[in-house]
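Since the structure comes first, as structure tokens, the remarks are kept for the end.
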Amino acid sequence: MKKILAVLLVVGLLVAGCTAKKTVQTLTVGTSADFPPFEFVDEQGKITGFDVELMNAVAEKMGYEVKWENADFAGLIASLQTGKYDAVISGMTITDERKKEVDFSDPYFRSDQSVAVQAGNTSITKQEDLVDKQVGVQLGTTGELLAREIVTKGKVYTYDNPDQAFLDLNTGRIDAVINDLPVTGYFLVQNPDLALKIAFVINTDEYYGIAVQKGNTELLNKINKAIKELRDEGKYAEIYKKWFSVEPTW
Ligand code: GLN
């Protein structure tokens with residue numbers, strides 16, 4: 001009996017040792033890398049941006065390494081639900097609708113919507129001006145929901161990514177693009193050759209969160225703890241300043 005116990009103990013220790021040596025675990029994270037400066041593919045073909053650096057830092061704190069998966073925004077939640085990803089970070093606004101399908105971390109970024117038009121446009125200056133217009137949005141976004149509320153007599157055009165919408169705006173195929181303000185602002189700065197401008201901002205006061213599968217509180221708690229630590233240590237501010245050139249205001 002003692003011998004058996006001893007053997008079991010040794011086996012147990014071996015197993016424990018192996019597990020401990022398996023150092024970093026992988027966290028598979030889905031994102032739609034078409035949303036600079038939050039997530040995009042750089043010239044080297046690498047997924048980078050504010051969200052990417054934040055998530056990498058969060059994962060590092062938890063002792064994980066991130067395996068990035070790039071997909072269209074509209075499909076991210078479904079793929080998270082089926083277990084293709086452990087988490088999603090993609091400038092994703094925490095909404096009541098989405099909360100029925102996934103769980104969100106504490107908010108890590110505050111955003112609003114913006115309306116982009118051609119630089120010479122003077123007829124679109126307020127929300128009512130959009131009612132009968134051709135308005136472009138990224139499919140499955142809060143911008144799309146807002147456009148469908150506002151554009152009752154015109155038409156909403158959906159695109160897989162915001163860049164395609166901006167290009168159609170540039171050629172005049174559509175009259176305006178409703179999209180998250182920081183992303184549209186960044187796009188305009190990066191593409192001065194396109195004569196576009198922000199006509200006005202729609203204050204939606206939305207907050208981005210990291211999504212996990214419904215009920216995965218263990219992972220969620222770890223993520224929230226890591227976000228808090230990164231904020232307390234100033235690492236969040238460091239990443240923020242790198243991508244937005246200003247101190248975090250929120
Ligand atoms: N914040 C918007 C949303 O959650 C847009 C996100 C995105 O396009 N990546 O719907």
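Residues in the structure tokens are named by chain (A, B, ... in the order shown) and by number from 1 within that chain; ligands are numbered from 1 in the order shown.
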Which residues of chain A come within 6 Å of ligand 1, and for each one, what is the closest pair of atoms and their distance in Å to one decimal, counting only C-alpha atoms and all ligand atoms, sorted by chain and residue number, as CSV?
residue,atom,partner,partner_atom_place_in_ligand_line,distance
A:Phe35,CA,ligand 1,9 (N),5.7
A:Phe73,CA,ligand 1,9 (N),5.9
A:Ser90,CA,ligand 1,9 (N),4.9
A:Gly91,CA,ligand 1,9 (N),4.6
A:Met92,CA,ligand 1,4 (O),3.5
A:Thr93,CA,ligand 1,4 (O),3.7
A:Thr141,CA,ligand 1,10 (O),3.1
A:Thr142,CA,ligand 1,10 (O),3.8
A:Asp180,CA,ligand 1,1 (N),6.0
Extract, using only C-alpha atoms, all DNA, RNA and protein residues at most 9 Å from Leu27 (chain A), discarding same-chain residues fewer than 6 positions from it, and format them as a ChimeraX atom specification. /A:59,64-68,85-87
Contact residues around Arg110 (chain A) with only C-alpha atoms at 9 Å, ignoring same-chain residues under 2 positions, as a list in words: Thr93, Pro107, Tyr108, Asp112, Asp205, Glu206, Tyr207, Tyr208 and Trp250 of chain A
Please identify all polymer residues within 6 Å of Ala176 (chain A), counting only C-alpha atoms, omitting same-chain residues fewer than 2 positions from it, and present them as a PyMOL selection string. chain A and resi 116-117+135+174
Test item, alpha helix (DSSP H) assignment across region 15-223 of chain A, answer as a PyMOL selection string: chain A and resi 15-21+50-62+76-81+96-99+142-150+162-171+181-190+217-223
DSSP strand (DSSP E or B) selection over region 10-167 of chain A, as a PyMOL selection string: chain A and resi 25-31+34-35+39-41+47-48+64-70+87-88+93+102-104+109-118+134-138+155-159
Next, dump the selected residues to file, keeping only N, CA and C atoms, as a compact mmCIF listing (two decimals), in the first residue's frame.
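Final file, part-v2.txt:
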# COMPACT_ATOMS: atom_id res chain seq x y z
N GLN A 25 0.98 29.71 -21.78
CA GLN A 25 -0.18 29.15 -22.45
C GLN A 25 -0.60 30.11 -23.55
N THR A 26 -1.37 29.60 -24.49
CA THR A 26 -1.79 30.45 -25.61
C THR A 26 -3.23 30.90 -25.43
N LEU A 27 -3.45 32.18 -25.71
CA LEU A 27 -4.78 32.74 -25.69
C LEU A 27 -5.09 33.13 -27.14
N THR A 28 -6.10 32.51 -27.71
CA THR A 28 -6.44 32.83 -29.10
C THR A 28 -7.41 34.02 -29.10
N VAL A 29 -6.98 35.09 -29.76
CA VAL A 29 -7.78 36.32 -29.73
C VAL A 29 -8.19 36.72 -31.15
N GLY A 30 -9.48 36.93 -31.32
CA GLY A 30 -10.00 37.36 -32.62
C GLY A 30 -10.07 38.87 -32.71
N THR A 31 -9.76 39.40 -33.89
CA THR A 31 -9.86 40.84 -34.12
C THR A 31 -10.13 41.08 -35.60
N ASP A 34 -8.80 46.00 -39.32
CA ASP A 34 -9.10 46.98 -40.37
C ASP A 34 -9.54 48.29 -39.71
N PHE A 35 -9.06 48.53 -38.50
CA PHE A 35 -9.61 49.59 -37.67
C PHE A 35 -8.49 50.40 -37.02
N GLU A 39 -6.56 48.34 -34.46
CA GLU A 39 -5.99 47.09 -34.97
C GLU A 39 -5.91 47.19 -36.48
N PHE A 40 -4.74 46.88 -37.00
CA PHE A 40 -4.53 46.89 -38.45
C PHE A 40 -3.31 46.05 -38.76
N VAL A 41 -3.12 45.76 -40.04
CA VAL A 41 -1.97 44.98 -40.47
C VAL A 41 -0.92 45.96 -40.97
N ILE A 47 -0.10 42.11 -37.29
CA ILE A 47 -1.26 42.77 -36.69
C ILE A 47 -0.77 43.64 -35.53
N THR A 48 -1.09 44.92 -35.58
CA THR A 48 -0.62 45.83 -34.55
C THR A 48 -1.69 46.88 -34.23
N TYR A 64 0.07 34.45 -20.42
CA TYR A 64 -0.33 33.88 -21.70
C TYR A 64 0.39 34.58 -22.85
N GLU A 65 0.42 33.88 -23.97
CA GLU A 65 0.91 34.46 -25.20
C GLU A 65 -0.29 34.52 -26.14
N VAL A 66 -0.42 35.60 -26.90
CA VAL A 66 -1.59 35.73 -27.76
C VAL A 66 -1.34 35.14 -29.14
N LYS A 67 -2.30 34.36 -29.60
CA LYS A 67 -2.30 33.92 -30.99
C LYS A 67 -3.40 34.74 -31.65
N TRP A 68 -3.02 35.62 -32.58
CA TRP A 68 -3.99 36.53 -33.21
C TRP A 68 -4.69 35.88 -34.39
N GLU A 69 -6.00 36.10 -34.47
CA GLU A 69 -6.80 35.61 -35.60
C GLU A 69 -7.51 36.81 -36.21
N ASN A 70 -7.31 37.04 -37.50
CA ASN A 70 -7.91 38.19 -38.18
C ASN A 70 -9.16 37.77 -38.95
N ALA A 87 -11.01 35.03 -26.73
CA ALA A 87 -11.42 36.41 -26.47
C ALA A 87 -11.44 37.19 -27.78
N VAL A 88 -12.11 38.34 -27.75
CA VAL A 88 -12.14 39.25 -28.91
C VAL A 88 -11.81 40.65 -28.42
N THR A 93 -17.72 47.96 -29.06
CA THR A 93 -18.53 48.67 -28.08
C THR A 93 -19.34 47.70 -27.23
N VAL A 102 -22.30 37.57 -25.32
CA VAL A 102 -20.94 37.41 -24.78
C VAL A 102 -20.82 38.21 -23.49
N ASP A 103 -19.73 38.00 -22.76
CA ASP A 103 -19.46 38.82 -21.58
C ASP A 103 -18.34 39.80 -21.93
N PHE A 104 -18.43 41.00 -21.36
CA PHE A 104 -17.41 42.01 -21.62
C PHE A 104 -16.58 42.34 -20.39
N PHE A 109 -11.84 51.91 -23.24
CA PHE A 109 -11.73 53.08 -24.13
C PHE A 109 -13.11 53.69 -24.34
N ARG A 110 -13.17 55.03 -24.38
CA ARG A 110 -14.44 55.72 -24.61
C ARG A 110 -14.45 56.31 -26.02
N SER A 111 -15.59 56.14 -26.71
CA SER A 111 -15.64 56.60 -28.09
C SER A 111 -16.97 57.27 -28.43
N ASP A 112 -17.01 57.94 -29.59
CA ASP A 112 -18.22 58.53 -30.16
C ASP A 112 -18.28 58.17 -31.63
N GLN A 113 -19.39 58.51 -32.28
CA GLN A 113 -19.49 58.30 -33.72
C GLN A 113 -19.18 59.62 -34.44
N SER A 114 -18.80 59.49 -35.72
CA SER A 114 -18.51 60.68 -36.51
C SER A 114 -19.13 60.52 -37.89
N VAL A 115 -19.40 61.64 -38.52
CA VAL A 115 -19.95 61.63 -39.88
C VAL A 115 -18.93 62.26 -40.81
N ALA A 116 -18.40 61.45 -41.72
CA ALA A 116 -17.42 61.96 -42.68
C ALA A 116 -18.11 62.25 -44.01
N VAL A 117 -17.68 63.33 -44.66
CA VAL A 117 -18.22 63.72 -45.97
C VAL A 117 -17.06 64.18 -46.85
N GLN A 118 -17.34 64.48 -48.12
CA GLN A 118 -16.29 65.04 -48.98
C GLN A 118 -15.95 66.44 -48.46
N GLN A 134 -27.33 58.70 -48.90
CA GLN A 134 -26.69 57.39 -49.08
C GLN A 134 -25.55 57.34 -48.07
N VAL A 135 -25.70 56.50 -47.06
CA VAL A 135 -24.72 56.52 -45.97
C VAL A 135 -24.00 55.16 -45.84
N GLY A 136 -22.69 55.21 -45.80
CA GLY A 136 -21.88 54.00 -45.69
C GLY A 136 -21.48 53.72 -44.25
N VAL A 137 -21.44 52.42 -43.90
CA VAL A 137 -21.05 51.99 -42.55
C VAL A 137 -20.32 50.66 -42.65
N GLN A 138 -19.62 50.31 -41.56
CA GLN A 138 -19.04 48.97 -41.50
C GLN A 138 -20.11 48.02 -40.97
N LYS A 155 -30.52 55.53 -47.99
CA LYS A 155 -30.11 54.13 -47.97
C LYS A 155 -28.81 53.94 -47.21
N VAL A 156 -28.76 52.84 -46.45
CA VAL A 156 -27.54 52.50 -45.71
C VAL A 156 -26.77 51.45 -46.50
N TYR A 157 -25.51 51.73 -46.80
CA TYR A 157 -24.64 50.79 -47.51
C TYR A 157 -23.67 50.18 -46.52
N THR A 158 -23.61 48.84 -46.47
CA THR A 158 -22.70 48.19 -45.53
C THR A 158 -21.44 47.70 -46.23
N TYR A 159 -20.32 47.86 -45.54
CA TYR A 159 -19.01 47.45 -46.06
C TYR A 159 -18.35 46.54 -45.04
Minimum-distance residue to Ile89 (chain A), chosen among A:Gly154, A:Gly172, A:Gly63, A:Gly49 (using only C-alpha atoms):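 Ranking A:Gly154, A:Gly172, A:Gly63, A:Gly49 by distance to Ile89 (chain A), first place goes to A:Gly49.
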In Å to one decimal, how far is CA of Val58 (chain A) from CA of Ala237 (chain A)? 13.6 Å
Residues within 8 Å of region 222-228 of chain A, only C-alpha atoms, excluding chain neighbours under 2 positions, as a ChimeraX atom specification: /A:58-59,61-62,105-106,108,218-220,230-232,236
Can you write just those residues out, all heavy atoms, as a CSV table (one decimal), in the first residue's frame?
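Final file, out_14.csv:
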chain,number,residue,atom,x,y,z
A,58,VAL,N,-2.0,42.6,-21.5
A,58,VAL,CA,-3.0,41.9,-20.6
A,58,VAL,C,-2.6,40.5,-20.5
A,58,VAL,O,-2.5,39.9,-19.4
A,58,VAL,CB,-4.4,42.1,-21.1
A,58,VAL,CG1,-5.4,41.1,-20.4
A,58,VAL,CG2,-4.9,43.5,-20.8
A,59,ALA,N,-2.4,39.9,-21.7
A,59,ALA,CA,-2.1,38.4,-21.7
A,59,ALA,C,-0.8,38.1,-21.0
A,59,ALA,O,-0.7,37.1,-20.3
A,59,ALA,CB,-2.0,38.0,-23.2
A,61,LYS,N,0.6,39.7,-18.5
A,61,LYS,CA,0.3,39.7,-17.1
A,61,LYS,C,-0.3,38.4,-16.6
A,61,LYS,O,-0.1,38.0,-15.5
A,61,LYS,CB,-0.7,40.9,-16.8
A,61,LYS,CG,0.0,42.2,-16.6
A,61,LYS,CD,-0.5,43.0,-15.5
A,61,LYS,CE,0.3,44.2,-15.2
A,61,LYS,NZ,1.5,43.9,-14.5
A,62,MET,N,-1.1,37.8,-17.4
A,62,MET,CA,-1.8,36.6,-17.1
A,62,MET,C,-1.0,35.3,-17.3
A,62,MET,O,-1.4,34.2,-17.0
A,62,MET,CB,-3.1,36.4,-17.9
A,62,MET,CG,-4.1,37.5,-17.5
A,62,MET,SD,-5.4,37.7,-18.8
A,62,MET,CE,-5.7,36.1,-19.4
A,105,SER,N,-15.3,42.7,-20.6
A,105,SER,CA,-14.5,43.2,-19.6
A,105,SER,C,-14.9,44.6,-19.2
A,105,SER,O,-15.8,45.1,-19.8
A,105,SER,CB,-13.0,43.2,-20.1
A,105,SER,OG,-12.9,44.3,-21.0
A,106,ASP,N,-14.2,45.1,-18.1
A,106,ASP,CA,-14.4,46.5,-17.8
A,106,ASP,C,-14.1,47.3,-19.0
A,106,ASP,O,-13.2,46.9,-19.8
A,106,ASP,CB,-13.5,46.9,-16.6
A,106,ASP,CG,-13.9,46.2,-15.4
A,106,ASP,OD1,-15.1,45.8,-15.2
A,106,ASP,OD2,-13.1,45.9,-14.5
A,108,TYR,N,-12.3,49.8,-21.6
A,108,TYR,CA,-10.9,50.3,-21.7
A,108,TYR,C,-10.7,51.5,-22.6
A,108,TYR,O,-9.6,52.0,-22.7
A,108,TYR,CB,-10.0,49.1,-22.1
A,108,TYR,CG,-10.2,48.7,-23.5
A,108,TYR,CD1,-9.6,49.3,-24.6
A,108,TYR,CD2,-11.1,47.6,-23.8
A,108,TYR,CE1,-9.8,48.9,-25.9
A,108,TYR,CE2,-11.3,47.2,-25.1
A,108,TYR,CZ,-10.6,47.9,-26.2
A,108,TYR,OH,-10.9,47.5,-27.5
A,218,GLU,N,-13.8,33.1,-15.1
A,218,GLU,CA,-12.4,33.0,-14.7
A,218,GLU,C,-11.5,33.8,-15.6
A,218,GLU,O,-10.7,34.6,-15.1
A,218,GLU,CB,-12.1,31.5,-14.8
A,218,GLU,CG,-10.8,31.1,-14.0
A,218,GLU,CD,-10.3,29.7,-14.4
A,218,GLU,OE1,-11.2,28.8,-14.7
A,218,GLU,OE2,-9.1,29.5,-14.3
A,219,LEU,N,-11.7,33.7,-16.9
A,219,LEU,CA,-10.9,34.5,-17.8
A,219,LEU,C,-11.2,36.0,-17.7
A,219,LEU,O,-10.3,36.8,-17.7
A,219,LEU,CB,-11.1,34.0,-19.3
A,219,LEU,CG,-10.3,34.7,-20.4
A,219,LEU,CD1,-8.8,34.6,-20.1
A,219,LEU,CD2,-10.7,34.2,-21.7
A,220,LEU,N,-12.4,36.3,-17.5
A,220,LEU,CA,-12.9,37.7,-17.4
A,220,LEU,C,-12.2,38.4,-16.2
A,220,LEU,O,-11.7,39.5,-16.3
A,220,LEU,CB,-14.4,37.7,-17.4
A,220,LEU,CG,-15.0,39.1,-17.8
A,220,LEU,CD1,-14.7,39.4,-19.2
A,220,LEU,CD2,-16.5,39.0,-17.6
A,230,LEU,N,-2.5,47.4,-15.3
A,230,LEU,CA,-1.8,48.1,-16.4
A,230,LEU,C,-2.1,49.6,-16.3
A,230,LEU,O,-1.3,50.5,-16.6
A,230,LEU,CB,-2.2,47.6,-17.8
A,230,LEU,CG,-1.7,46.2,-18.1
A,230,LEU,CD1,-2.4,45.7,-19.4
A,230,LEU,CD2,-0.2,46.2,-18.4
A,231,ARG,N,-3.3,49.9,-15.9
A,231,ARG,CA,-3.7,51.3,-15.6
A,231,ARG,C,-2.9,51.9,-14.4
A,231,ARG,O,-2.3,53.0,-14.5
A,231,ARG,CB,-5.2,51.4,-15.3
A,231,ARG,CG,-6.1,51.5,-16.6
A,231,ARG,CD,-7.5,52.0,-16.2
A,231,ARG,NE,-8.4,52.0,-17.3
A,231,ARG,CZ,-8.7,53.1,-18.0
A,231,ARG,NH1,-8.2,54.2,-17.8
A,231,ARG,NH2,-9.6,53.0,-18.9
A,232,ASP,N,-2.9,51.2,-13.3
A,232,ASP,CA,-2.2,51.6,-12.1
A,232,ASP,C,-0.7,51.8,-12.4
A,232,ASP,O,-0.1,52.7,-11.8
A,232,ASP,CB,-2.4,50.6,-11.0
A,232,ASP,CG,-3.9,50.6,-10.5
A,232,ASP,OD1,-4.7,51.5,-10.9
A,232,ASP,OD2,-4.3,49.6,-9.8
A,236,TYR,N,-0.9,51.4,-19.4
A,236,TYR,CA,-2.0,51.7,-20.2
A,236,TYR,C,-1.8,53.1,-20.9
A,236,TYR,O,-1.9,53.3,-22.1
A,236,TYR,CB,-3.3,51.7,-19.4
A,236,TYR,CG,-4.5,52.2,-20.2
A,236,TYR,CD1,-5.3,51.4,-20.9
A,236,TYR,CD2,-4.8,53.6,-20.2
A,236,TYR,CE1,-6.4,51.8,-21.6
A,236,TYR,CE2,-5.9,54.1,-20.9
A,236,TYR,CZ,-6.7,53.2,-21.6
A,236,TYR,OH,-7.8,53.6,-22.2
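Candidate residues A:Val189, A:Ser79, A:Lys153, A:Leu196 were compared for distance to Phe166 (chain A), and the nearest is A:Leu196, using only C-alpha atoms.
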Any idea what's packed within 10 Å of Pro36 (chain A), counting only C-alpha atoms, ignoring anything in its chain fewer than 3 positions away? Could you give it as a compact mmCIF listing (two decimals) with all heavy atoms, in the first residue's frame?
# COMPACT_ATOMS: atom_id res chain seq x y z
N ALA A 33 -8.73 43.33 -38.13
CA ALA A 33 -7.57 44.23 -38.25
C ALA A 33 -7.73 45.21 -39.41
O ALA A 33 -6.93 45.24 -40.35
CB ALA A 33 -6.29 43.43 -38.37
N GLU A 39 -6.56 48.34 -34.46
CA GLU A 39 -5.99 47.09 -34.97
C GLU A 39 -5.91 47.19 -36.48
O GLU A 39 -6.86 47.59 -37.13
CB GLU A 39 -6.81 45.84 -34.59
CG GLU A 39 -8.32 46.00 -34.72
CD GLU A 39 -8.93 46.49 -33.43
OE1 GLU A 39 -8.43 46.09 -32.37
OE2 GLU A 39 -9.88 47.29 -33.47
N PHE A 40 -4.74 46.88 -37.00
CA PHE A 40 -4.53 46.89 -38.45
C PHE A 40 -3.31 46.05 -38.76
O PHE A 40 -2.56 45.67 -37.86
CB PHE A 40 -4.37 48.32 -38.97
CG PHE A 40 -3.21 49.09 -38.39
CD1 PHE A 40 -2.01 49.21 -39.09
CD2 PHE A 40 -3.31 49.68 -37.13
CE1 PHE A 40 -0.94 49.93 -38.56
CE2 PHE A 40 -2.23 50.39 -36.59
CZ PHE A 40 -1.06 50.52 -37.30
N VAL A 41 -3.12 45.76 -40.04
CA VAL A 41 -1.97 44.98 -40.47
C VAL A 41 -0.92 45.96 -40.97
O VAL A 41 -1.19 46.77 -41.86
CB VAL A 41 -2.38 43.99 -41.59
CG1 VAL A 41 -1.17 43.17 -42.04
CG2 VAL A 41 -3.50 43.07 -41.11
N ASP A 42 0.28 45.94 -40.38
CA ASP A 42 1.32 46.89 -40.78
C ASP A 42 2.04 46.43 -42.04
O ASP A 42 1.70 45.38 -42.60
CB ASP A 42 2.30 47.17 -39.62
CG ASP A 42 3.20 45.97 -39.30
OD1 ASP A 42 3.21 45.00 -40.09
OD2 ASP A 42 3.87 46.01 -38.26
N THR A 48 -1.09 44.92 -35.58
CA THR A 48 -0.62 45.83 -34.55
C THR A 48 -1.69 46.88 -34.23
O THR A 48 -2.76 46.87 -34.83
CB THR A 48 0.71 46.50 -35.00
OG1 THR A 48 1.23 47.26 -33.92
CG2 THR A 48 0.50 47.40 -36.20
N GLY A 49 -1.39 47.76 -33.29
CA GLY A 49 -2.32 48.83 -32.92
C GLY A 49 -2.52 48.91 -31.42
O GLY A 49 -1.95 48.11 -30.66
N PHE A 50 -3.34 49.88 -31.00
CA PHE A 50 -3.58 50.10 -29.58
C PHE A 50 -4.17 48.85 -28.90
O PHE A 50 -3.68 48.40 -27.88
CB PHE A 50 -4.52 51.30 -29.40
CG PHE A 50 -4.94 51.52 -27.98
CD1 PHE A 50 -4.11 52.17 -27.08
CD2 PHE A 50 -6.18 51.07 -27.53
CE1 PHE A 50 -4.49 52.36 -25.76
CE2 PHE A 50 -6.57 51.27 -26.21
CZ PHE A 50 -5.73 51.91 -25.32
N ASP A 51 -5.24 48.32 -29.49
CA ASP A 51 -5.89 47.14 -28.90
C ASP A 51 -4.92 45.97 -28.81
O ASP A 51 -4.93 45.21 -27.83
CB ASP A 51 -7.07 46.68 -29.77
CG ASP A 51 -8.32 47.53 -29.56
OD1 ASP A 51 -8.32 48.39 -28.67
OD2 ASP A 51 -9.30 47.31 -30.30
N GLY A 91 -12.02 47.09 -30.91
CA GLY A 91 -12.74 48.36 -30.80
C GLY A 91 -14.22 48.11 -30.62
O GLY A 91 -15.06 48.88 -31.09
N PRO A 162 -14.11 49.78 -42.87
CA PRO A 162 -14.37 51.21 -43.06
C PRO A 162 -13.63 51.81 -44.27
O PRO A 162 -14.14 52.72 -44.92
CB PRO A 162 -13.88 51.86 -41.76
CG PRO A 162 -13.53 50.78 -40.83
CD PRO A 162 -13.55 49.47 -41.55
N ASP A 163 -12.44 51.28 -44.58
CA ASP A 163 -11.67 51.83 -45.71
C ASP A 163 -12.46 51.81 -47.01
O ASP A 163 -12.43 52.76 -47.80
CB ASP A 163 -10.38 51.02 -45.92
CG ASP A 163 -9.31 51.41 -44.92
OD1 ASP A 163 -9.68 51.97 -43.87
OD2 ASP A 163 -8.13 51.16 -45.20
N PRO A 182 -12.48 58.09 -33.43
CA PRO A 182 -11.02 58.02 -33.46
C PRO A 182 -10.47 57.33 -34.71
O PRO A 182 -9.38 57.67 -35.17
CB PRO A 182 -10.66 57.22 -32.20
CG PRO A 182 -11.92 56.63 -31.69
CD PRO A 182 -13.05 57.39 -32.25
N VAL A 183 -11.24 56.41 -35.25
CA VAL A 183 -10.79 55.67 -36.44
C VAL A 183 -10.92 56.55 -37.68
O VAL A 183 -10.01 56.61 -38.52
CB VAL A 183 -11.58 54.36 -36.59
CG1 VAL A 183 -11.25 53.66 -37.89
CG2 VAL A 183 -11.29 53.46 -35.40
N THR A 184 -12.03 57.26 -37.80
CA THR A 184 -12.21 58.16 -38.93
C THR A 184 -11.18 59.29 -38.87
O THR A 184 -10.57 59.63 -39.88
CB THR A 184 -13.65 58.73 -38.94
OG1 THR A 184 -14.55 57.65 -39.15
CG2 THR A 184 -13.83 59.75 -40.04
N GLY A 185 -10.97 59.84 -37.68
CA GLY A 185 -9.98 60.90 -37.52
C GLY A 185 -8.59 60.43 -37.94
O GLY A 185 -7.89 61.13 -38.68
N TYR A 186 -8.23 59.25 -37.53
CA TYR A 186 -6.93 58.67 -37.86
C TYR A 186 -6.82 58.44 -39.37
O TYR A 186 -5.81 58.75 -39.99
CB TYR A 186 -6.75 57.36 -37.11
CG TYR A 186 -5.36 56.80 -37.09
CD1 TYR A 186 -4.42 57.22 -36.15
CD2 TYR A 186 -4.97 55.82 -38.00
CE1 TYR A 186 -3.15 56.69 -36.12
CE2 TYR A 186 -3.69 55.28 -37.97
CZ TYR A 186 -2.78 55.71 -37.03
OH TYR A 186 -1.52 55.18 -37.00
N PHE A 187 -7.91 57.93 -39.97
CA PHE A 187 -7.91 57.67 -41.41
C PHE A 187 -7.68 58.96 -42.20
O PHE A 187 -6.92 58.99 -43.16
CB PHE A 187 -9.23 57.01 -41.83
CG PHE A 187 -9.29 56.70 -43.30
CD1 PHE A 187 -8.80 55.50 -43.80
CD2 PHE A 187 -9.81 57.61 -44.21
CE1 PHE A 187 -8.84 55.21 -45.16
CE2 PHE A 187 -9.85 57.34 -45.57
CZ PHE A 187 -9.36 56.13 -46.04
N GLN A 190 -4.10 59.99 -42.01
CA GLN A 190 -3.25 59.08 -42.77
C GLN A 190 -3.45 59.18 -44.29
O GLN A 190 -2.60 58.76 -45.05
CB GLN A 190 -3.53 57.61 -42.37
CG GLN A 190 -3.23 57.29 -40.92
CD GLN A 190 -1.74 57.29 -40.63
OE1 GLN A 190 -0.96 56.67 -41.34
NE2 GLN A 190 -1.34 58.00 -39.59
N TRP A 243 -0.17 55.60 -29.40
CA TRP A 243 -1.09 55.53 -30.54
C TRP A 243 -1.94 56.78 -30.74
O TRP A 243 -2.44 57.04 -31.83
CB TRP A 243 -2.00 54.30 -30.41
CG TRP A 243 -1.19 53.06 -30.60
CD1 TRP A 243 -0.72 52.21 -29.63
CD2 TRP A 243 -0.68 52.54 -31.84
NE1 TRP A 243 0.03 51.22 -30.18
CE2 TRP A 243 0.06 51.38 -31.54
CE3 TRP A 243 -0.80 52.94 -33.18
CZ2 TRP A 243 0.70 50.62 -32.53
CZ3 TRP A 243 -0.17 52.18 -34.16
CH2 TRP A 243 0.57 51.04 -33.83
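A straight line drawn from CA of Leu145 (chain A) to CA of Leu167 (chain A) is 21.0 Å long.
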For Lys84 (chain A), which of A:Ala71, A:Lys100, A:Ile202, A:Asp129 is the closest residue, counting only C-alpha atoms? A:Ala71
